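Asks: Dropping the structure in here first, questions after.
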Amino acid sequence: MLLSACSDATSGHYAERPHGTVSIAYLKSLARGDSTTITDDISIEGYVIANDLFGEYYKSIVISDQSGGIEIGVDIRNTAVRFPISARVVVHCSGLALGNYGGRLMLGAVPEREYTVDRIAESDIDRYMLIDCSAPVAIEPTTITIADLSPALIGNYVRIDDLCFEQEAGLAWCDSDPITGKPITTQRTAYDSRGNALAIRIIAECDYHSEVIPAGRGTLFGVVEYFNSEYSLRIVNHGIVFQ
């Protein structure tokens with residue numbers, strides 16, 4: 001059923017009220033407005049491509065199938081233990097919600113207050129999610145260029161080659177708060193050989209926040225994000241390969 005759903009995602013033709021397993025791309029197509037509660041009896045199935053193994057995602061994971069990826073909010077720490085990289089995850093979506101945050105979609109619990117989506121409570125994880133670590137499958141990133149970025153790639157695991165950080169090379173990935181000295185979420189900028197720029201977002205919780213940004217040219221592996229008309233890349237699994 002997953003393969004059929006992926007074929008549907010490619011063609012753009014979907015059943016009006018599907019049942020069973022659908023593609024992640026199809027699930028995203030259900031989003032309406034800032035928050036959309038899923039009422040159809042549908043599930044998605046994918047493999048974990050991002051967690052907090054290196055602190056890159058806080059209380060959330062990203063899963064991916066052949067049609068794309070999506071971030072899922074879970075109200076637990078140490079997601080790398082419960083959701084290891086490459087583990088298979090089935091999410092029963094009925095009763096959950098899609099939140100739209102500036103153009104970036106996230107799956108989670110129906111929001112109770114001002115947020116577009118809440119994290120799934122730890123006590124509800126087994127109700128909505130099946131985690132299978134018995135046959136891990138590594139998801140290969142899609143190789144793209146900065147010029148290739150499009151709405152269809154938001155949430156997807158990608159590889160971008162031939163990047164450099166110009167004047168930011170040699171700085172720490174994250175700046176420090178001038179008062180507390182603690183790291184703060186920081187946006188750096190990478191450039192390709194044609195001068196195209198891409199924001200690289202490093203959250204304060206990232207384990208390598210104090211590492212030095214490499215010089216030269218290299219490759220970044222990450223998840224495409226989007227907020228208020230701007231694309232960015234969140235590095236995952238410490239995917240930084242520079243000469």
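The way I read the labels, and the way they are meant: chains A, B, ... in the order of the structure tokens, residue 1 as the first residue of every chain, and ligand 1 as the first ligand shown, with later ones counted on from there.
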As number ranges by chain, please: every residue in range 138-197 of chain A that DSSP puts in helix (DSSP H, G or I).
Replies: A: 146-148, 151-153, 166-168
Asks: Which residues are near Val74 in chain A? Cut-off 8 Å, only C-alpha atoms, ignore same chain within fewer than 2 positions. Put them as a PDB file with all heavy atoms, in the first residue's frame.
Replies:
ATOM      1  N   LYS A  59      13.141  17.171  21.216  1.00  0.00           N
ATOM      2  CA  LYS A  59      11.804  16.639  21.422  1.00  0.00           C
ATOM      3  C   LYS A  59      11.031  16.490  20.111  1.00  0.00           C
ATOM      4  O   LYS A  59       9.829  16.775  20.028  1.00  0.00           O
ATOM      5  CB  LYS A  59      11.021  17.495  22.413  1.00  0.00           C
ATOM      6  CG  LYS A  59      11.521  17.368  23.847  1.00  0.00           C
ATOM      7  CD  LYS A  59      10.560  18.009  24.840  1.00  0.00           C
ATOM      8  CE  LYS A  59      10.990  17.759  26.270  1.00  0.00           C
ATOM      9  NZ  LYS A  59      10.030  18.301  27.250  1.00  0.00           N
ATOM     10  N   SER A  60      11.729  16.057  19.090  1.00  0.00           N
ATOM     11  CA  SER A  60      11.069  15.741  17.824  1.00  0.00           C
ATOM     12  C   SER A  60      11.967  14.809  17.030  1.00  0.00           C
ATOM     13  O   SER A  60      13.164  14.686  17.307  1.00  0.00           O
ATOM     14  CB  SER A  60      10.748  17.002  17.012  1.00  0.00           C
ATOM     15  OG  SER A  60      11.929  17.622  16.551  1.00  0.00           O
ATOM     16  N   ILE A  61      11.373  14.137  16.060  1.00  0.00           N
ATOM     17  CA  ILE A  61      12.108  13.285  15.139  1.00  0.00           C
ATOM     18  C   ILE A  61      11.657  13.636  13.730  1.00  0.00           C
ATOM     19  O   ILE A  61      10.655  14.338  13.536  1.00  0.00           O
ATOM     20  CB  ILE A  61      11.858  11.786  15.410  1.00  0.00           C
ATOM     21  CG1 ILE A  61      10.370  11.442  15.205  1.00  0.00           C
ATOM     22  CG2 ILE A  61      12.326  11.405  16.807  1.00  0.00           C
ATOM     23  CD1 ILE A  61      10.074   9.944  15.219  1.00  0.00           C
ATOM     24  N   ILE A  72       8.005  15.101  13.480  1.00  0.00           N
ATOM     25  CA  ILE A  72       6.953  14.683  14.408  1.00  0.00           C
ATOM     26  C   ILE A  72       7.364  15.117  15.815  1.00  0.00           C
ATOM     27  O   ILE A  72       8.442  14.751  16.291  1.00  0.00           O
ATOM     28  CB  ILE A  72       6.742  13.154  14.375  1.00  0.00           C
ATOM     29  CG1 ILE A  72       6.433  12.695  12.954  1.00  0.00           C
ATOM     30  CG2 ILE A  72       5.610  12.751  15.320  1.00  0.00           C
ATOM     31  CD1 ILE A  72       6.391  11.179  12.799  1.00  0.00           C
ATOM     32  N   ILE A  76       9.291  13.770  24.678  1.00  0.00           N
ATOM     33  CA  ILE A  76      10.264  12.973  25.423  1.00  0.00           C
ATOM     34  C   ILE A  76      11.664  13.463  25.091  1.00  0.00           C
ATOM     35  O   ILE A  76      11.905  14.047  24.029  1.00  0.00           O
ATOM     36  CB  ILE A  76      10.177  11.462  25.101  1.00  0.00           C
ATOM     37  CG1 ILE A  76      10.464  11.209  23.612  1.00  0.00           C
ATOM     38  CG2 ILE A  76       8.834  10.889  25.495  1.00  0.00           C
ATOM     39  CD1 ILE A  76      10.629   9.749  23.272  1.00  0.00           C
ATOM     40  N   GLY A 108       1.812  16.254  15.031  1.00  0.00           N
ATOM     41  CA  GLY A 108       1.838  16.125  16.487  1.00  0.00           C
ATOM     42  C   GLY A 108       0.439  16.021  17.049  1.00  0.00           C
ATOM     43  O   GLY A 108      -0.512  15.662  16.341  1.00  0.00           O
ATOM     44  N   ARG A 119       3.266  18.642  21.028  1.00  0.00           N
ATOM     45  CA  ARG A 119       4.016  17.381  20.988  1.00  0.00           C
ATOM     46  C   ARG A 119       3.125  16.236  21.484  1.00  0.00           C
ATOM     47  O   ARG A 119       2.284  16.427  22.358  1.00  0.00           O
ATOM     48  CB  ARG A 119       5.271  17.478  21.851  1.00  0.00           C
ATOM     49  CG  ARG A 119       6.295  18.494  21.344  1.00  0.00           C
ATOM     50  CD  ARG A 119       7.558  18.421  22.191  1.00  0.00           C
ATOM     51  NE  ARG A 119       8.579  19.339  21.691  1.00  0.00           N
ATOM     52  CZ  ARG A 119       8.814  20.542  22.192  1.00  0.00           C
ATOM     53  NH1 ARG A 119       8.097  20.979  23.211  1.00  0.00           N
ATOM     54  NH2 ARG A 119       9.766  21.312  21.689  1.00  0.00           N
ATOM     55  N   ILE A 120       3.344  15.056  20.928  1.00  0.00           N
ATOM     56  CA  ILE A 120       2.614  13.874  21.378  1.00  0.00           C
ATOM     57  C   ILE A 120       3.129  13.487  22.764  1.00  0.00           C
ATOM     58  O   ILE A 120       4.330  13.314  22.968  1.00  0.00           O
ATOM     59  CB  ILE A 120       2.815  12.704  20.404  1.00  0.00           C
ATOM     60  CG1 ILE A 120       2.308  13.094  19.004  1.00  0.00           C
ATOM     61  CG2 ILE A 120       2.094  11.451  20.893  1.00  0.00           C
ATOM     62  CD1 ILE A 120       2.658  12.089  17.932  1.00  0.00           C
ATOM     63  N   ALA A 121       2.221  13.377  23.726  1.00  0.00           N
ATOM     64  CA  ALA A 121       2.609  13.049  25.096  1.00  0.00           C
ATOM     65  C   ALA A 121       3.274  11.682  25.143  1.00  0.00           C
ATOM     66  O   ALA A 121       2.935  10.779  24.365  1.00  0.00           O
ATOM     67  CB  ALA A 121       1.387  13.070  26.015  1.00  0.00           C
ATOM     68  N   GLU A 122       4.211  11.514  26.072  1.00  0.00           N
ATOM     69  CA  GLU A 122       4.906  10.231  26.186  1.00  0.00           C
ATOM     70  C   GLU A 122       3.925   9.087  26.416  1.00  0.00           C
ATOM     71  O   GLU A 122       4.093   7.992  25.868  1.00  0.00           O
ATOM     72  CB  GLU A 122       5.925  10.288  27.326  1.00  0.00           C
ATOM     73  CG  GLU A 122       6.747   9.027  27.465  1.00  0.00           C
ATOM     74  CD  GLU A 122       7.872   9.156  28.459  1.00  0.00           C
ATOM     75  OE1 GLU A 122       7.913  10.169  29.186  1.00  0.00           O
ATOM     76  OE2 GLU A 122       8.718   8.234  28.526  1.00  0.00           O
ATOM     77  N   ILE A 125       2.440   7.824  23.036  1.00  0.00           N
ATOM     78  CA  ILE A 125       3.296   7.393  21.921  1.00  0.00           C
ATOM     79  C   ILE A 125       2.929   5.995  21.449  1.00  0.00           C
ATOM     80  O   ILE A 125       2.788   5.741  20.241  1.00  0.00           O
ATOM     81  CB  ILE A 125       4.781   7.483  22.325  1.00  0.00           C
ATOM     82  CG1 ILE A 125       5.202   8.958  22.378  1.00  0.00           C
ATOM     83  CG2 ILE A 125       5.657   6.724  21.318  1.00  0.00           C
ATOM     84  CD1 ILE A 125       6.622   9.179  22.822  1.00  0.00           C
TER      85      ILE A 125
END
Asks: Determine, counting only C-alpha atoms, which protein, DNA and RNA residues have an atom within 7 Å of an atom of range 223-238 of chain A; residues of the same chain fewer than 3 positions away are not included. Present the result as a compact mmCIF listing (two decimals) with N, CA, C and O atoms, in the first residue's frame.
Replies:
# COMPACT_ATOMS: atom_id res chain seq x y z
N ALA A 50 16.27 11.64 11.51
CA ALA A 50 16.80 12.66 12.42
C ALA A 50 16.17 12.50 13.80
O ALA A 50 14.98 12.20 13.92
N PHE A 54 22.69 13.85 18.09
CA PHE A 54 23.68 14.92 18.20
C PHE A 54 23.03 16.22 18.69
O PHE A 54 23.62 17.29 18.55
N GLU A 56 20.48 17.71 17.44
CA GLU A 56 20.05 18.57 16.32
C GLU A 56 18.55 18.81 16.31
O GLU A 56 18.09 19.82 15.76
N GLY A 102 4.73 28.87 9.51
CA GLY A 102 5.41 29.67 8.51
C GLY A 102 5.72 28.93 7.23
O GLY A 102 6.66 29.27 6.51
N GLY A 103 4.94 27.88 6.92
CA GLY A 103 5.16 27.11 5.71
C GLY A 103 5.82 25.78 5.96
O GLY A 103 5.96 24.96 5.03
N ARG A 104 6.23 25.52 7.18
CA ARG A 104 6.85 24.25 7.56
C ARG A 104 5.83 23.41 8.31
O ARG A 104 5.26 23.85 9.30
N LEU A 153 10.34 19.93 -1.42
CA LEU A 153 11.50 19.41 -0.72
C LEU A 153 11.50 19.72 0.78
O LEU A 153 12.36 19.23 1.51
N ILE A 154 10.54 20.51 1.25
CA ILE A 154 10.49 20.86 2.67
C ILE A 154 10.27 19.59 3.50
O ILE A 154 9.36 18.82 3.24
N GLY A 155 11.14 19.37 4.47
CA GLY A 155 11.07 18.18 5.30
C GLY A 155 11.86 17.00 4.76
O GLY A 155 11.95 15.97 5.42
N ASN A 156 12.43 17.14 3.57
CA ASN A 156 13.15 16.04 2.95
C ASN A 156 14.62 16.01 3.38
O ASN A 156 15.22 17.03 3.69
N TYR A 157 15.18 14.82 3.36
CA TYR A 157 16.58 14.59 3.69
C TYR A 157 17.39 14.77 2.41
O TYR A 157 17.17 14.06 1.42
N VAL A 158 18.33 15.72 2.43
CA VAL A 158 19.04 16.06 1.20
C VAL A 158 20.55 16.14 1.44
O VAL A 158 21.02 16.25 2.58
N LEU A 198 22.39 29.89 1.22
CA LEU A 198 21.42 29.08 1.94
C LEU A 198 21.67 29.21 3.43
O LEU A 198 22.80 29.04 3.90
N ALA A 199 20.61 29.50 4.19
CA ALA A 199 20.73 29.58 5.64
C ALA A 199 20.92 28.18 6.23
O ALA A 199 20.24 27.24 5.84
N ILE A 200 21.86 28.06 7.17
CA ILE A 200 22.11 26.81 7.89
C ILE A 200 21.78 27.08 9.35
O ILE A 200 22.42 27.91 10.00
N ARG A 201 20.75 26.39 9.86
CA ARG A 201 20.26 26.66 11.22
C ARG A 201 20.79 25.62 12.19
O ARG A 201 20.59 24.42 12.01
N ILE A 202 21.46 26.10 13.24
CA ILE A 202 22.02 25.23 14.28
C ILE A 202 21.36 25.61 15.60
O ILE A 202 21.50 26.75 16.07
N LEU A 220 27.12 19.13 2.91
CA LEU A 220 26.26 19.10 4.10
C LEU A 220 25.10 18.15 3.84
O LEU A 220 24.52 18.12 2.74
Asks: For range 139-150 of chain A, list every protein, DNA or RNA residue within 10 Å, evaluated using only C-alpha atoms, and leave out those in the same chain fewer than 3 positions away; present the list as a VMD selection string.
Replies: chain A and resid 46 to 49 63 to 66 68 85 to 86 136 153 to 154 156 to 163 190 to 192 194 to 198 221 to 224 226 231 to 232
Asks: Take the selection from the previous step and output its residues with N, CA, C and O atoms, as a CSV table (one decimal), in the first residue's frame.
Replies:
chain,number,residue,atom,x,y,z
A,46,GLY,N,7.5,5.2,7.7
A,46,GLY,CA,8.8,5.7,7.2
A,46,GLY,C,9.9,5.3,8.2
A,46,GLY,O,9.7,4.5,9.1
A,47,TYR,N,11.1,5.8,7.9
A,47,TYR,CA,12.3,5.5,8.6
A,47,TYR,C,12.9,6.7,9.2
A,47,TYR,O,12.9,7.8,8.6
A,48,VAL,N,13.4,6.6,10.4
A,48,VAL,CA,13.9,7.8,11.1
A,48,VAL,C,15.2,8.3,10.5
A,48,VAL,O,16.2,7.5,10.3
A,49,ILE,N,15.2,9.5,10.1
A,49,ILE,CA,16.4,10.2,9.5
A,49,ILE,C,17.0,11.2,10.5
A,49,ILE,O,18.1,11.7,10.2
A,63,ILE,N,10.9,11.5,10.1
A,63,ILE,CA,10.8,10.2,9.4
A,63,ILE,C,10.6,10.5,7.9
A,63,ILE,O,10.1,11.6,7.5
A,64,SER,N,11.0,9.6,7.1
A,64,SER,CA,11.0,9.8,5.6
A,64,SER,C,10.6,8.5,5.0
A,64,SER,O,10.9,7.4,5.4
A,65,ASP,N,9.8,8.7,3.8
A,65,ASP,CA,9.5,7.5,3.0
A,65,ASP,C,10.0,8.0,1.6
A,65,ASP,O,10.7,8.9,1.4
A,66,GLN,N,9.5,7.2,0.5
A,66,GLN,CA,10.0,7.5,-0.8
A,66,GLN,C,9.4,8.9,-1.3
A,66,GLN,O,9.9,9.4,-2.3
A,68,GLY,N,9.0,11.7,0.7
A,68,GLY,CA,9.5,12.9,1.4
A,68,GLY,C,9.6,12.6,2.9
A,68,GLY,O,9.5,11.4,3.4
A,85,ILE,N,18.2,6.1,14.6
A,85,ILE,CA,18.3,6.3,13.2
A,85,ILE,C,18.1,5.0,12.4
A,85,ILE,O,18.6,4.0,12.8
A,86,SER,N,17.3,5.1,11.3
A,86,SER,CA,17.0,4.0,10.4
A,86,SER,C,15.9,3.1,10.9
A,86,SER,O,15.5,2.1,10.3
A,136,PRO,N,16.5,-2.2,10.4
A,136,PRO,CA,16.7,-0.8,10.1
A,136,PRO,C,17.0,-0.7,8.6
A,136,PRO,O,17.7,-1.5,8.0
A,153,LEU,N,10.3,19.9,-1.4
A,153,LEU,CA,11.5,19.4,-0.7
A,153,LEU,C,11.5,19.7,0.8
A,153,LEU,O,12.4,19.2,1.5
A,154,ILE,N,10.5,20.5,1.2
A,154,ILE,CA,10.5,20.9,2.7
A,154,ILE,C,10.3,19.6,3.5
A,154,ILE,O,9.4,18.8,3.2
A,156,ASN,N,12.4,17.1,3.6
A,156,ASN,CA,13.2,16.0,3.0
A,156,ASN,C,14.6,16.0,3.4
A,156,ASN,O,15.2,17.0,3.7
A,157,TYR,N,15.2,14.8,3.4
A,157,TYR,CA,16.6,14.6,3.7
A,157,TYR,C,17.4,14.8,2.4
A,157,TYR,O,17.2,14.1,1.4
A,158,VAL,N,18.3,15.7,2.4
A,158,VAL,CA,19.0,16.1,1.2
A,158,VAL,C,20.6,16.1,1.4
A,158,VAL,O,21.0,16.2,2.6
A,159,ARG,N,21.3,16.1,0.4
A,159,ARG,CA,22.7,16.3,0.3
A,159,ARG,C,23.0,17.5,-0.6
A,159,ARG,O,22.5,17.5,-1.7
A,160,ILE,N,23.8,18.4,-0.2
A,160,ILE,CA,24.2,19.6,-1.0
A,160,ILE,C,25.7,19.6,-1.0
A,160,ILE,O,26.4,19.8,0.0
A,161,ASP,N,26.3,19.5,-2.2
A,161,ASP,CA,27.7,19.6,-2.4
A,161,ASP,C,28.2,21.0,-2.7
A,161,ASP,O,27.5,21.9,-3.0
A,162,ASP,N,29.6,21.1,-2.7
A,162,ASP,CA,30.2,22.3,-3.2
A,162,ASP,C,29.8,23.5,-2.4
A,162,ASP,O,29.5,24.6,-3.0
A,163,LEU,N,29.8,23.4,-1.1
A,163,LEU,CA,29.4,24.6,-0.3
A,163,LEU,C,30.6,25.1,0.4
A,163,LEU,O,31.6,24.4,0.8
A,190,ALA,N,25.7,29.4,4.0
A,190,ALA,CA,26.6,28.6,3.1
A,190,ALA,C,26.3,29.1,1.7
A,190,ALA,O,25.2,29.5,1.3
A,191,TYR,N,27.4,29.1,0.9
A,191,TYR,CA,27.3,29.5,-0.5
A,191,TYR,C,27.8,28.4,-1.4
A,191,TYR,O,28.8,27.7,-1.1
A,192,ASP,N,27.1,28.3,-2.6
A,192,ASP,CA,27.7,27.4,-3.6
A,192,ASP,C,28.6,28.2,-4.6
A,192,ASP,O,28.8,29.4,-4.4
A,194,ARG,N,28.2,29.2,-7.4
A,194,ARG,CA,27.5,30.2,-8.3
A,194,ARG,C,27.1,31.4,-7.4
A,194,ARG,O,26.5,32.3,-8.0
A,195,GLY,N,27.4,31.4,-6.2
A,195,GLY,CA,27.1,32.5,-5.3
A,195,GLY,C,25.7,32.4,-4.7
A,195,GLY,O,25.3,33.3,-4.0
A,196,ASN,N,25.0,31.3,-4.9
A,196,ASN,CA,23.7,31.1,-4.2
A,196,ASN,C,23.9,30.9,-2.8
A,196,ASN,O,24.8,30.2,-2.4
A,197,ALA,N,23.0,31.5,-1.9
A,197,ALA,CA,23.2,31.4,-0.5
A,197,ALA,C,22.1,30.6,0.1
A,197,ALA,O,20.9,30.5,-0.4
A,198,LEU,N,22.4,29.9,1.2
A,198,LEU,CA,21.4,29.1,1.9
A,198,LEU,C,21.7,29.2,3.4
A,198,LEU,O,22.8,29.0,3.9
A,221,PHE,N,24.7,17.4,4.9
A,221,PHE,CA,23.6,16.5,4.8
A,221,PHE,C,22.6,17.0,5.9
A,221,PHE,O,22.9,17.3,7.0
A,222,GLY,N,21.3,17.2,5.4
A,222,GLY,CA,20.4,17.7,6.4
A,222,GLY,C,18.9,17.7,5.9
A,222,GLY,O,18.7,17.1,4.8
A,223,VAL,N,18.1,18.3,6.7
A,223,VAL,CA,16.6,18.4,6.4
A,223,VAL,C,16.3,19.8,5.9
A,223,VAL,O,16.7,20.7,6.6
A,224,VAL,N,15.6,19.9,4.8
A,224,VAL,CA,15.2,21.2,4.3
A,224,VAL,C,14.1,21.7,5.2
A,224,VAL,O,13.1,21.1,5.5
A,226,TYR,N,11.7,25.5,6.2
A,226,TYR,CA,11.2,26.7,5.6
A,226,TYR,C,10.4,27.5,6.6
A,226,TYR,O,9.7,27.0,7.4
A,231,TYR,N,14.1,29.4,2.8
A,231,TYR,CA,14.5,28.1,3.0
A,231,TYR,C,15.8,28.0,3.9
A,231,TYR,O,16.6,29.0,3.9
A,232,SER,N,15.9,26.9,4.6
A,232,SER,CA,17.1,26.7,5.4
A,232,SER,C,17.4,25.2,5.4
A,232,SER,O,16.6,24.4,5.0
Asks: Report as a JSON list (two decimals) with N, CA, C and O atoms, in the first residue's frame all protein, DNA and RNA residues lying within 6 Å of Asp34 in chain A, evaluated on only C-alpha atoms, omitting residues in the same chain fewer than 6 positions from it.
Replies:
[["chain", "number", "residue", "atom", "x", "y", "z"],
["A", 99, "GLY", "N", 0.49, 20.83, 11.93],
["A", 99, "GLY", "CA", 0.67, 22.25, 12.21],
["A", 99, "GLY", "C", 1.50, 22.91, 11.14],
["A", 99, "GLY", "O", 2.51, 22.36, 10.69],
["A", 100, "ASN", "N", 1.08, 24.08, 10.71],
["A", 100, "ASN", "CA", 1.80, 24.85, 9.70],
["A", 100, "ASN", "C", 2.45, 26.04, 10.38],
["A", 100, "ASN", "O", 1.78, 26.95, 10.86],
["A", 116, "THR", "N", 0.33, 25.82, 16.84],
["A", 116, "THR", "CA", -0.36, 25.19, 15.72],
["A", 116, "THR", "C", -0.43, 23.68, 15.89],
["A", 116, "THR", "O", -1.27, 23.01, 15.30]]
Asks: When you count only C-alpha atoms, which of these residues is closest to Ile42 in chain A: A:Pro178, A:Gly73, A:Gly95, A:Gly55?
Replies: A:Gly95
Asks: Hey, what does DSSP flag as strand (DSSP E) within range 35-153 of chain A? Can you give it to me as a ChimeraX atom specification?
Replies: /A:35-37,42-50,60-65,68-73,88-92,96-101,104-109,129-132,142-144
Asks: Take the selection from the previous step and output its residues with C-alpha atoms, as an mmCIF file, in the first residue's frame.
Replies:
data_model
loop_
_atom_site.group_PDB
_atom_site.id
_atom_site.type_symbol
_atom_site.label_atom_id
_atom_site.label_comp_id
_atom_site.auth_asym_id
_atom_site.auth_seq_id
_atom_site.Cartn_x
_atom_site.Cartn_y
_atom_site.Cartn_z
ATOM 1 C CA SER A 35 -3.679 23.576 12.204
ATOM 2 C CA THR A 36 -5.483 20.603 10.691
ATOM 3 C CA THR A 37 -6.851 17.718 12.754
ATOM 4 C CA ILE A 42 -4.850 6.709 7.758
ATOM 5 C CA SER A 43 -1.281 5.860 8.693
ATOM 6 C CA ILE A 44 2.146 6.791 7.401
ATOM 7 C CA GLU A 45 5.207 4.580 7.436
ATOM 8 C CA GLY A 46 8.796 5.741 7.242
ATOM 9 C CA TYR A 47 12.292 5.467 8.626
ATOM 10 C CA VAL A 48 13.943 7.766 11.143
ATOM 11 C CA ILE A 49 16.409 10.173 9.548
ATOM 12 C CA ALA A 50 16.797 12.658 12.420
ATOM 13 C CA SER A 60 11.069 15.741 17.824
ATOM 14 C CA ILE A 61 12.108 13.285 15.139
ATOM 15 C CA VAL A 62 11.970 13.274 11.350
ATOM 16 C CA ILE A 63 10.825 10.239 9.388
ATOM 17 C CA SER A 64 10.993 9.780 5.645
ATOM 18 C CA ASP A 65 9.530 7.542 2.952
ATOM 19 C CA GLY A 68 9.492 12.865 1.413
ATOM 20 C CA GLY A 69 9.859 13.522 5.117
ATOM 21 C CA ILE A 70 8.033 15.102 8.034
ATOM 22 C CA GLU A 71 8.949 16.223 11.541
ATOM 23 C CA ILE A 72 6.953 14.683 14.408
ATOM 24 C CA GLY A 73 6.805 16.337 17.821
ATOM 25 C CA ARG A 88 10.910 1.870 10.962
ATOM 26 C CA VAL A 89 8.037 3.926 12.382
ATOM 27 C CA VAL A 90 4.334 3.555 11.634
ATOM 28 C CA VAL A 91 2.208 6.503 12.734
ATOM 29 C CA HIS A 92 -1.566 6.153 13.088
ATOM 30 C CA LEU A 96 -3.310 13.852 15.450
ATOM 31 C CA ALA A 97 -2.803 17.250 13.848
ATOM 32 C CA LEU A 98 -0.721 18.901 11.144
ATOM 33 C CA GLY A 99 0.669 22.248 12.215
ATOM 34 C CA ASN A 100 1.800 24.846 9.697
ATOM 35 C CA TYR A 101 4.522 27.071 11.109
ATOM 36 C CA ARG A 104 6.853 24.250 7.561
ATOM 37 C CA LEU A 105 4.568 21.320 8.406
ATOM 38 C CA MET A 106 4.880 19.282 11.590
ATOM 39 C CA LEU A 107 2.831 16.326 12.828
ATOM 40 C CA GLY A 108 1.838 16.125 16.487
ATOM 41 C CA ALA A 109 -0.992 16.297 18.974
ATOM 42 C CA MET A 129 3.197 4.997 16.935
ATOM 43 C CA LEU A 130 4.704 1.600 16.225
ATOM 44 C CA ILE A 131 8.514 1.552 16.424
ATOM 45 C CA ASP A 132 10.279 -1.362 14.767
ATOM 46 C CA THR A 142 18.467 13.301 -2.361
ATOM 47 C CA THR A 143 21.354 15.213 -3.912
ATOM 48 C CA ILE A 144 20.250 18.738 -4.782
#
Asks: So how many Å separate CA of Pro84 in chain A and CA of Ala25 in chain A, to one decimal?
Replies: 22.5 Å
